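Peer 1: Below is the file coords-v4.csv, which contains CSV, C-alpha atoms and all ligand atoms.
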```
chain,number,residue,atom,x,y,z
I,697,MET,CA,4.6,-3.4,17.9
I,698,LYS,CA,2.5,-5.2,15.3
I,699,ILE,CA,3.0,-5.3,11.5
I,700,ALA,CA,0.2,-6.6,9.3
I,701,VAL,CA,1.6,-8.4,6.2
I,702,ILE,CA,-0.8,-8.6,3.3
I,703,MET,CA,0.3,-11.5,1.2
I,704,GLY,CA,-1.0,-11.4,-2.4
I,705,SER,CA,0.5,-14.6,-3.6
I,706,PRO,CA,-1.5,-17.9,-3.4
I,707,ARG,CA,1.6,-19.7,-2.3
I,708,LYS,CA,4.2,-19.3,0.4
I,709,LYS,CA,7.3,-19.1,-1.7
I,710,ASP,CA,9.3,-16.1,-3.1
I,711,SER,CA,7.4,-13.1,-1.7
I,712,TYR,CA,6.8,-14.9,1.5
I,713,GLN,CA,10.5,-15.7,1.9
I,714,ILE,CA,11.3,-12.0,1.3
I,715,CYS,CA,8.8,-11.0,4.0
I,716,ARG,CA,10.3,-13.5,6.4
I,717,GLN,CA,13.7,-12.1,5.7
I,718,ILE,CA,12.4,-8.6,6.4
I,719,GLU,CA,10.9,-10.0,9.6
I,720,MET,CA,14.3,-11.4,10.7
I,721,GLN,CA,15.9,-8.0,10.0
I,722,LEU,CA,13.1,-6.1,11.9
I,723,LYS,CA,13.5,-8.5,14.9
I,724,GLN,CA,17.2,-7.6,15.2
I,725,PHE,CA,16.2,-4.0,15.9
I,726,GLU,CA,12.9,-4.8,17.8
I,727,PRO,CA,12.8,-8.4,19.2
I,728,ASN,CA,9.2,-8.0,20.3
I,729,ILE,CA,7.8,-7.1,16.9
I,730,GLU,CA,4.8,-9.2,16.0
I,731,MET,CA,4.1,-10.1,12.4
I,732,ASP,CA,0.5,-10.7,11.4
I,733,TYR,CA,0.6,-12.5,8.1
I,734,ILE,CA,-2.7,-12.2,6.1
I,735,PHE,CA,-2.7,-14.8,3.3
I,736,LEU,CA,-5.5,-13.4,1.1
I,737,SER,CA,-5.9,-16.7,-0.7
I,738,GLU,CA,-6.8,-18.4,2.6
I,739,HIS,CA,-9.6,-16.0,3.2
I,740,HIS,CA,-13.1,-15.8,1.8
I,741,ILE,CA,-13.3,-12.4,0.0
I,742,LEU,CA,-16.3,-11.8,-2.3
I,743,ASP,CA,-15.9,-9.8,-5.5
I,744,CYS,CA,-17.0,-6.2,-5.5
I,745,LYS,CA,-20.6,-5.9,-6.9
I,746,GLY,CA,-20.0,-2.4,-8.3
I,747,CYS,CA,-22.9,-0.8,-6.4
I,748,CYS,CA,-20.8,2.1,-5.1
I,749,VAL,CA,-22.8,2.1,-1.9
I,750,CYS,CA,-19.5,2.3,0.1
I,751,PHE,CA,-18.6,5.5,-1.7
I,752,GLN,CA,-22.0,7.1,-1.6
I,753,LYS,CA,-23.3,6.1,1.8
I,754,SER,CA,-21.1,3.9,4.0
I,755,GLU,CA,-19.0,0.8,3.8
I,756,THR,CA,-21.2,-0.7,6.5
I,757,LEU,CA,-23.9,-1.0,3.9
I,758,CYS,CA,-21.8,-3.1,1.5
I,759,PRO,CA,-23.9,-6.0,0.2
I,760,CYS,CA,-21.0,-8.4,0.4
I,761,LYS,CA,-21.6,-9.2,4.1
I,762,ASP,CA,-20.7,-12.8,4.7
I,763,ASP,CA,-17.0,-12.8,4.1
I,764,ASP,CA,-13.7,-12.0,5.9
I,765,LEU,CA,-13.1,-8.5,4.7
I,766,ASN,CA,-14.0,-6.7,7.9
I,767,LEU,CA,-11.9,-9.1,10.0
I,768,ILE,CA,-8.9,-8.3,7.7
I,769,LYS,CA,-9.6,-4.6,8.0
I,770,GLN,CA,-9.7,-4.8,11.8
I,771,ARG,CA,-6.3,-6.5,11.7
I,772,LEU,CA,-4.9,-3.7,9.6
I,773,ILE,CA,-6.4,-1.1,11.9
I,774,CYS,CA,-4.9,-2.8,15.0
I,775,ALA,CA,-1.4,-2.9,13.3
I,776,ASP,CA,1.2,-0.1,13.7
I,777,GLY,CA,2.4,-0.6,10.1
I,778,MET,CA,1.8,-2.7,7.0
I,779,ILE,CA,3.8,-4.7,4.5
I,780,ILE,CA,2.0,-5.3,1.2
I,781,ALA,CA,3.5,-8.0,-0.9
I,782,SER,CA,2.7,-9.4,-4.4
I,783,PRO,CA,4.3,-11.3,-7.1
I,784,VAL,CA,3.9,-10.0,-10.7
I,785,TYR,CA,1.0,-11.8,-12.4
I,786,ALA,CA,0.6,-10.8,-16.1
I,787,TYR,CA,2.2,-7.4,-15.4
I,788,GLN,CA,-0.1,-6.7,-12.4
I,789,VAL,CA,-0.8,-7.7,-8.8
I,790,THR,CA,-2.4,-11.1,-8.3
I,791,ALA,CA,-6.2,-11.5,-8.6
I,792,GLN,CA,-6.4,-12.1,-4.8
I,793,LEU,CA,-4.8,-8.8,-4.0
I,794,LYS,CA,-6.7,-6.9,-6.7
I,795,ARG,CA,-10.0,-8.2,-5.3
I,796,PHE,CA,-9.0,-7.1,-1.8
I,797,ILE,CA,-8.0,-3.6,-3.0
I,798,ASP,CA,-11.2,-3.3,-5.0
I,799,ARG,CA,-13.3,-4.1,-1.9
I,800,MET,CA,-11.3,-1.6,0.2
I,801,SER,CA,-11.7,1.1,-2.5
I,802,TYR,CA,-13.6,3.3,0.0
I,803,LEU,CA,-10.2,3.8,1.7
I,804,PHE,CA,-9.3,6.1,-1.2
I,805,HIS,CA,-12.2,8.3,-0.1
I,806,ARG,CA,-12.0,7.9,3.7
I,807,GLN,CA,-8.4,7.1,4.7
I,808,GLN,CA,-9.0,5.0,7.9
I,809,LEU,CA,-5.4,3.7,7.8
I,810,CYS,CA,-4.0,7.2,7.4
I,811,GLY,CA,-0.4,7.8,8.8
I,812,LYS,CA,0.6,4.1,9.2
I,813,PRO,CA,4.0,3.3,7.7
I,814,ALA,CA,3.9,0.9,4.8
I,815,LEU,CA,6.5,-1.1,2.8
I,816,ILE,CA,6.0,-2.6,-0.6
I,817,VAL,CA,7.4,-6.0,-1.7
I,818,VAL,CA,7.3,-7.1,-5.3
I,819,THR,CA,8.7,-10.4,-6.7
I,820,THR,CA,8.9,-11.3,-10.4
I,821,ASP,CA,10.6,-13.6,-12.9
I,822,GLY,CA,12.0,-10.6,-14.7
I,823,GLY,CA,9.3,-8.2,-15.9
I,824,GLY,CA,6.5,-6.1,-14.6
I,825,SER,CA,7.7,-5.2,-11.2
I,826,LYS,CA,7.8,-1.5,-12.0
I,827,GLN,CA,4.1,-1.6,-13.0
I,828,VAL,CA,3.1,-3.5,-9.9
I,829,TYR,CA,5.2,-1.2,-7.7
I,830,GLN,CA,3.5,1.9,-9.2
I,831,TYR,CA,0.1,0.5,-8.6
I,832,LEU,CA,0.8,-0.4,-5.0
I,833,ARG,CA,2.5,2.9,-4.4
I,834,MET,CA,-0.7,4.7,-5.7
I,835,THR,CA,-2.8,2.5,-3.4
I,836,VAL,CA,-0.6,3.2,-0.3
I,837,SER,CA,-0.5,6.9,-1.1
I,838,GLY,CA,-4.3,7.0,-1.8
I,839,TRP,CA,-5.0,5.3,1.5
I,840,GLY,CA,-3.0,8.1,3.2
I,841,MET,CA,-0.3,5.8,4.5
I,842,LYS,CA,3.4,6.7,4.7
I,843,GLU,CA,5.4,4.7,2.1
I,844,VAL,CA,8.7,3.9,3.7
I,845,GLY,CA,10.1,2.3,0.6
I,846,ASP,CA,9.9,-0.7,-1.7
I,847,ILE,CA,11.9,-3.8,-2.6
I,848,GLN,CA,11.5,-5.4,-6.1
I,849,ILE,CA,13.1,-8.8,-6.4
I,850,ILE,CA,13.8,-10.9,-9.6
I,851,SER,CA,13.3,-14.2,-7.8
I,852,PRO,CA,15.5,-16.5,-10.0
I,853,ARG,CA,18.4,-14.0,-9.6
I,854,TYR,CA,18.0,-13.8,-5.9
I,855,PHE,CA,17.2,-17.3,-4.7
I,856,GLU,CA,20.0,-19.8,-5.4
I,857,GLU,CA,18.0,-23.0,-5.2
I,858,ARG,CA,14.9,-21.7,-7.0
I,859,LEU,CA,13.3,-23.8,-9.7
I,860,PRO,CA,12.5,-23.3,-12.5
I,861,LYS,CA,15.5,-21.2,-13.2
I,862,GLY,CA,14.1,-19.1,-16.1
I,863,ALA,CA,15.9,-16.6,-18.3
I,864,TYR,CA,17.7,-15.1,-15.3
I,865,GLY,CA,20.1,-17.3,-13.3
I,866,TYR,CA,21.2,-16.8,-9.7
I,867,HIS,CA,23.7,-13.9,-9.3
I,868,LEU,CA,25.6,-13.6,-6.1
I,869,GLY,CA,26.2,-9.8,-6.7
I,870,TYR,CA,22.5,-9.2,-7.2
I,871,HIS,CA,21.6,-11.3,-4.2
I,872,ASN,CA,24.0,-9.3,-1.9
I,873,LYS,CA,22.8,-6.0,-3.3
I,874,LYS,CA,19.2,-6.9,-2.6
I,875,GLN,CA,20.1,-8.2,0.9
I,876,LYS,CA,21.7,-4.8,1.6
I,877,GLN,CA,18.7,-3.0,0.4
I,878,LEU,CA,16.5,-5.2,2.5
I,879,ALA,CA,18.5,-4.5,5.6
I,880,LEU,CA,18.4,-0.7,5.0
I,881,LEU,CA,14.7,-0.8,4.3
I,882,SER,CA,14.0,-2.7,7.5
I,883,LYS,CA,16.0,-0.3,9.5
I,884,GLU,CA,14.1,2.6,8.0
I,885,PHE,CA,10.8,0.9,8.6
I,886,ILE,CA,11.7,0.4,12.3
I,887,ARG,CA,12.8,4.1,12.5
I,888,CYS,CA,9.4,5.2,11.1
I,889,LEU,CA,7.5,2.9,13.3
I,890,SER,CA,9.2,4.0,16.5
I,891,ALA,CA,10.0,7.7,15.9
I,892,GLY,CA,6.4,8.5,15.2
I,893,GLU,CA,7.7,11.5,13.3
I,894,GLU,CA,5.7,12.7,10.3
I,895,ARG,CA,7.3,11.7,7.0
I,896,VAL,CA,7.5,14.5,4.4
I,897,PRO,CA,5.1,13.6,1.6
I,898,SER,CA,6.5,13.4,-2.0
I,899,PHE,CA,5.1,15.6,-4.8
I,900,TYR,CA,3.1,12.5,-5.8
I,901,ASP,CA,1.6,12.2,-2.3
I,902,ILE,CA,0.6,15.9,-2.3
I,903,PHE,CA,-0.9,15.5,-5.8
I,904,MET,CA,-2.9,12.4,-4.6
I,905,PHE,CA,-4.0,14.2,-1.4
I,906,HIS,CA,-5.6,17.1,-3.4
I,907,CYS,CA,-7.1,14.8,-6.1
I,908,LEU,CA,-8.8,12.8,-3.3
I,909,ARG,CA,-9.9,15.9,-1.5
I,910,SER,CA,-11.8,16.8,-4.7
I,911,LYS,CA,-14.2,13.9,-3.8
I,912,THR,CA,-15.4,16.0,-0.8
I,913,TYR,CA,-17.2,18.3,-3.3
I,914,THR,CA,-19.2,15.4,-4.7
I,915,SER,CA,-19.8,13.2,-1.7
I,916,VAL,CA,-21.5,14.2,1.5
I,917,VAL,CA,-20.1,11.3,3.5
I,918,ASP,CA,-16.5,12.0,2.3
I,919,ARG,CA,-17.0,15.7,3.2
I,920,SER,CA,-18.1,15.0,6.7
I,921,PHE,CA,-15.3,12.4,7.2
I,922,TRP,CA,-12.6,14.9,5.9
I,923,LYS,CA,-14.2,17.7,8.0
I,924,GLU,CA,-14.1,15.6,11.1
I,925,LYS,CA,-10.5,14.8,10.5
I,926,GLY,CA,-9.7,18.5,9.9
I,927,TRP,CA,-8.3,17.8,6.4
I,928,LEU,CA,-10.5,20.1,4.3
I,929,GLU,CA,-8.2,23.2,4.4
I,930,VAL,CA,-4.8,21.7,5.3
I,931,SER,CA,-1.8,20.9,3.1
I,932,TYR,CA,-1.6,17.2,3.8
I,933,PHE,CA,-3.2,14.4,5.9
I,934,TYR,CA,-1.0,15.4,8.9
I,935,PRO,CA,0.9,18.5,9.9
I,936,VAL,CA,4.4,18.3,8.4
I,937,LYS,CA,7.1,20.8,7.4
I,938,MET,CA,7.5,21.0,3.6
I,939,ASN,CA,10.0,22.9,1.5
I,940,ILE,CA,8.9,25.9,-0.5
I,941,ALA,CA,8.5,24.0,-3.7
I,942,LYS,CA,6.1,21.4,-2.2
I,943,ARG,CA,4.2,24.2,-0.3
I,944,GLY,CA,3.8,26.1,-3.6
I,945,PHE,CA,2.8,23.0,-5.5
I,946,GLY,CA,0.2,22.1,-2.8
I,947,GLY,CA,-1.1,25.6,-2.8
I,948,VAL,CA,-1.7,25.6,-6.6
I,949,MET,CA,-3.4,22.2,-6.4
I,950,ARG,CA,-5.6,23.4,-3.5
I,951,CYS,CA,-6.7,26.5,-5.4
I,952,LEU,CA,-7.4,24.6,-8.6
I,953,ILE,CA,-9.5,21.9,-6.8
I,954,ASN,CA,-11.4,24.5,-4.7
I,955,ILE,CA,-12.3,26.5,-7.9
I,956,VAL,CA,-13.5,23.4,-9.8
I,957,GLY,CA,-15.2,21.9,-6.7
I,958,LYS,CA,-17.1,25.1,-5.8
I,959,ARG,CA,-18.3,25.4,-9.4
I,960,TYR,CA,-19.6,21.8,-9.2
I,961,ILE,CA,-21.5,22.6,-6.0
I,962,GLU,CA,-23.0,25.8,-7.5
I,963,LYS,CA,-24.4,23.8,-10.5
I,1001,LIG,C1,0.0,-16.7,-13.4
I,1001,LIG,C2,1.4,-16.1,-13.3
I,1001,LIG,C3,1.7,-15.0,-14.0
I,1001,LIG,C4,3.0,-14.4,-13.9
I,1001,LIG,N1,3.2,-13.3,-14.7
I,1001,LIG,C5,4.5,-12.8,-14.7
I,1001,LIG,C6,4.8,-11.7,-15.5
I,1001,LIG,O1,4.0,-11.1,-16.1
I,1001,LIG,N2,6.1,-11.3,-15.5
I,1001,LIG,C7,7.1,-11.9,-14.7
I,1001,LIG,O2,8.2,-11.5,-14.8
I,1001,LIG,N3,6.8,-12.9,-13.9
I,1001,LIG,C8,5.5,-13.4,-13.9
I,1001,LIG,N4,5.2,-14.5,-13.1
I,1001,LIG,C9,6.3,-15.1,-12.2
I,1001,LIG,C10,6.1,-14.6,-10.7
I,1001,LIG,O3,5.9,-13.2,-10.6
I,1001,LIG,C11,7.4,-14.9,-9.9
I,1001,LIG,O4,7.7,-16.3,-10.0
I,1001,LIG,C12,7.3,-14.6,-8.5
I,1001,LIG,O5,8.6,-14.6,-7.9
I,1001,LIG,C13,6.4,-15.5,-7.7
I,1001,LIG,O6,6.3,-15.1,-6.3
I,1001,LIG,P1,5.6,-16.0,-5.2
I,1001,LIG,O7,6.4,-17.2,-5.1
I,1001,LIG,O8,5.5,-15.1,-4.0
I,1001,LIG,O9,4.2,-16.3,-5.8
I,1001,LIG,C14,4.0,-15.1,-13.1
I,1001,LIG,C15,3.6,-16.2,-12.4
I,1001,LIG,C16,2.4,-16.7,-12.5
I,1001,LIG,C17,2.0,-18.0,-11.7
```
Output the file's structure in the form of C-alpha cells.

Peer 2:
Amino acid sequence: MKIAVIMGSPRKKDSYQICRQIEMQLKQFEPNIEMDYIFLSEHHILDCKGCCVCFQKSETLCPCKDDDLNLIKQRLICADGMIIASPVYAYQVTAQLKRFIDRMSYLFHRQQLCGKPALIVVTTDGGGSKQVYQYLRMTVSGWGMKEVGDIQIISPRYFEERLPKGAYGYHLGYHNKKQKQLALLSKEFIRCLSAGEERVPSFYDIFMFHCLRSKTYTSVVDRSFWKEKGWLEVSYFYPVKMNIAKRGFGGVMRCLINIVGKRYIEK
C-alpha cells in the first residue's frame, strides 16, 4: 500500500514532523505501508501560463513541458491514498503548493484521482489554519477524492522544543489532544484504504459534484471524460447509499444544473 505525501513547505520541519508521526501511526496498523514524500520545493514546477488549453483541449498540450509535473502526477496516480500538507503562509497555502494546484487545475474538470482517500495536514503559528483547511478541502473534494479528515496544528503549542516560541507556548494538554486526534485519524485512514468501501459524500461534496458537472455543458473534452466514466446522470462520482436529505439535495442540484446547462447548449 502506497501513500503519496504532498509537502507544501519549503523546509522539513513542523508539517513534515506531523506527517512522519502519521506515518508511524499508519505503520502500526499496516507495517508494509510505503510513504512517497513529494517535496514540492525540490521539484521544478513551472508557473501556469493561463492559456486554458488543459481545460479546453487536453492537459497533454500544456505548454509547460519541461518540468516535473507529470512525474509527480504519475506518483499520485500510482498511490492508493494521499496526504496533502501545508503550513499557513500569509493565511493561505505556500506558493509552492498553490503553483502545483494551479497546474493541476484540470483535475477539477476531469477527476483522474477520483475515489482515493485523502488526509489534510495544516500547521500554523496561530492563525489561518481554517482558511487553508477550507481551501485544501475544496481541492480534495473538487478532485473527487475521499476526504478522510484533517489535522490542524498550532506548532508552538504542539512541539515542546520548537523555536521561536511565539505568542503560543507549549501546552501538554494541547499536545496530547492532538496526538489522540492524529492516532484516530491514522486509524480511519487505514480503514478507508483497506476497506475499499465507498465513503458517503458530505453535502459539500455533492454540491461540488454538481457544480463541476456543469462544466460538461461547456466543454466537449469534459463531457466525453464524464460520459466515459458514467458520471453524467448519477448522484455522485461513485455509487454510494445516501440518506433521503442528501438524495433530495442532489436531485435538486441535478435538475437545476441540467436546466441551466441545456439552455446554454441551445443558445
Ligand atoms: C512566509 C511565512 C508566512 C507565514 N504566515 C503565517 C500566517 O499567516 N499565520 C500564522 O499563524 N503562521 C504563519 N506562518 C508560520 C507557519 O505557518 C508555521 O511556523 C508552521 O508551523 C510552519 O510549518 P513548516 O515547518 O512545515 O514550514 C508563516 C511562516 C512563514 C515562513

Peer 1: Atom CA of I:Ala786 to atom CA of I:Asp762: how many Å, to one decimal?

Peer 2: 29.8 Å

Peer 1: Residues contacting ligand LIG 1001 (chain I) - anything with an atom at most 6 Å away, using all atoms listed in the file - can you give me those as a ChimeraX atom specification?

Peer 2: /I:705,707,709-712,783-787,819-824,851

Peer 1: Please list as a VMD selection string every residue within 9 Å of I:Met834, counting only C-alpha atoms and excluding residues in the same chain fewer than 6 positions away.

Peer 2: chain I and resid 900 to 901 904

Peer 1: For I:Thr835, which residue out of I:Val956, I:Cys888, I:Ile849, I:Ile780 is the nearest one, using all atoms listed in the file?

Peer 2: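 Going through I:Val956, I:Cys888, I:Ile849, I:Ile780 one by one, the smallest distance to I:Thr835 is for I:Ile780.
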
Peer 1: Could you tell me how far atom CA of I:Gly862 sits from atom CA of I:Ile850, in Å to one decimal place?

Peer 2: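 About the pair atom CA of I:Ile850 and atom CA of I:Gly862: they are 10.5 Å apart.
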
Peer 1: Counting all atoms listed in the file, what is within 9 Å of I:Gln848, bar same-chain residues fewer than 6 positions away, as a ChimeraX atom specification?

Peer 2: /I:816-820,825-826,829,874

Peer 1: Would you mind telling me which residue in I:Asp732, I:Glu755, I:Glu726, I:Glu884 lies nearest to I:Arg799 when using all atoms listed in the file?

Peer 2: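 Looking at the shortest contact to I:Arg799, the residue is I:Glu755.
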
Peer 1: Nearest to I:Val930 among I:Val916, I:Met778, I:Ile741, I:Phe905, with distances taken over all atoms listed in the file: which residue is it?

Peer 2: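 Once distances to I:Val930 are computed over all atoms listed in the file, the minimum belongs to I:Phe905.
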
Peer 1: Restricting the calculation to only C-alpha atoms: of I:Arg887, I:Arg950, I:Lys842, I:Arg806, which residue gets closest to I:Ser754?

Peer 2: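 Looking only at the distances to I:Ser754, the closest residue turns out to be I:Arg806.
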
Peer 1: Compare I:Val936, I:Cys758, I:Ile714, I:Ile779 by their minimum atom-to-atom distance to I:Val701, counting all atoms listed in the file, and give me the closest one.

Peer 2: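 Of I:Val936, I:Cys758, I:Ile714, I:Ile779, the one nearest I:Val701 is I:Ile779, counting all atoms listed in the file.
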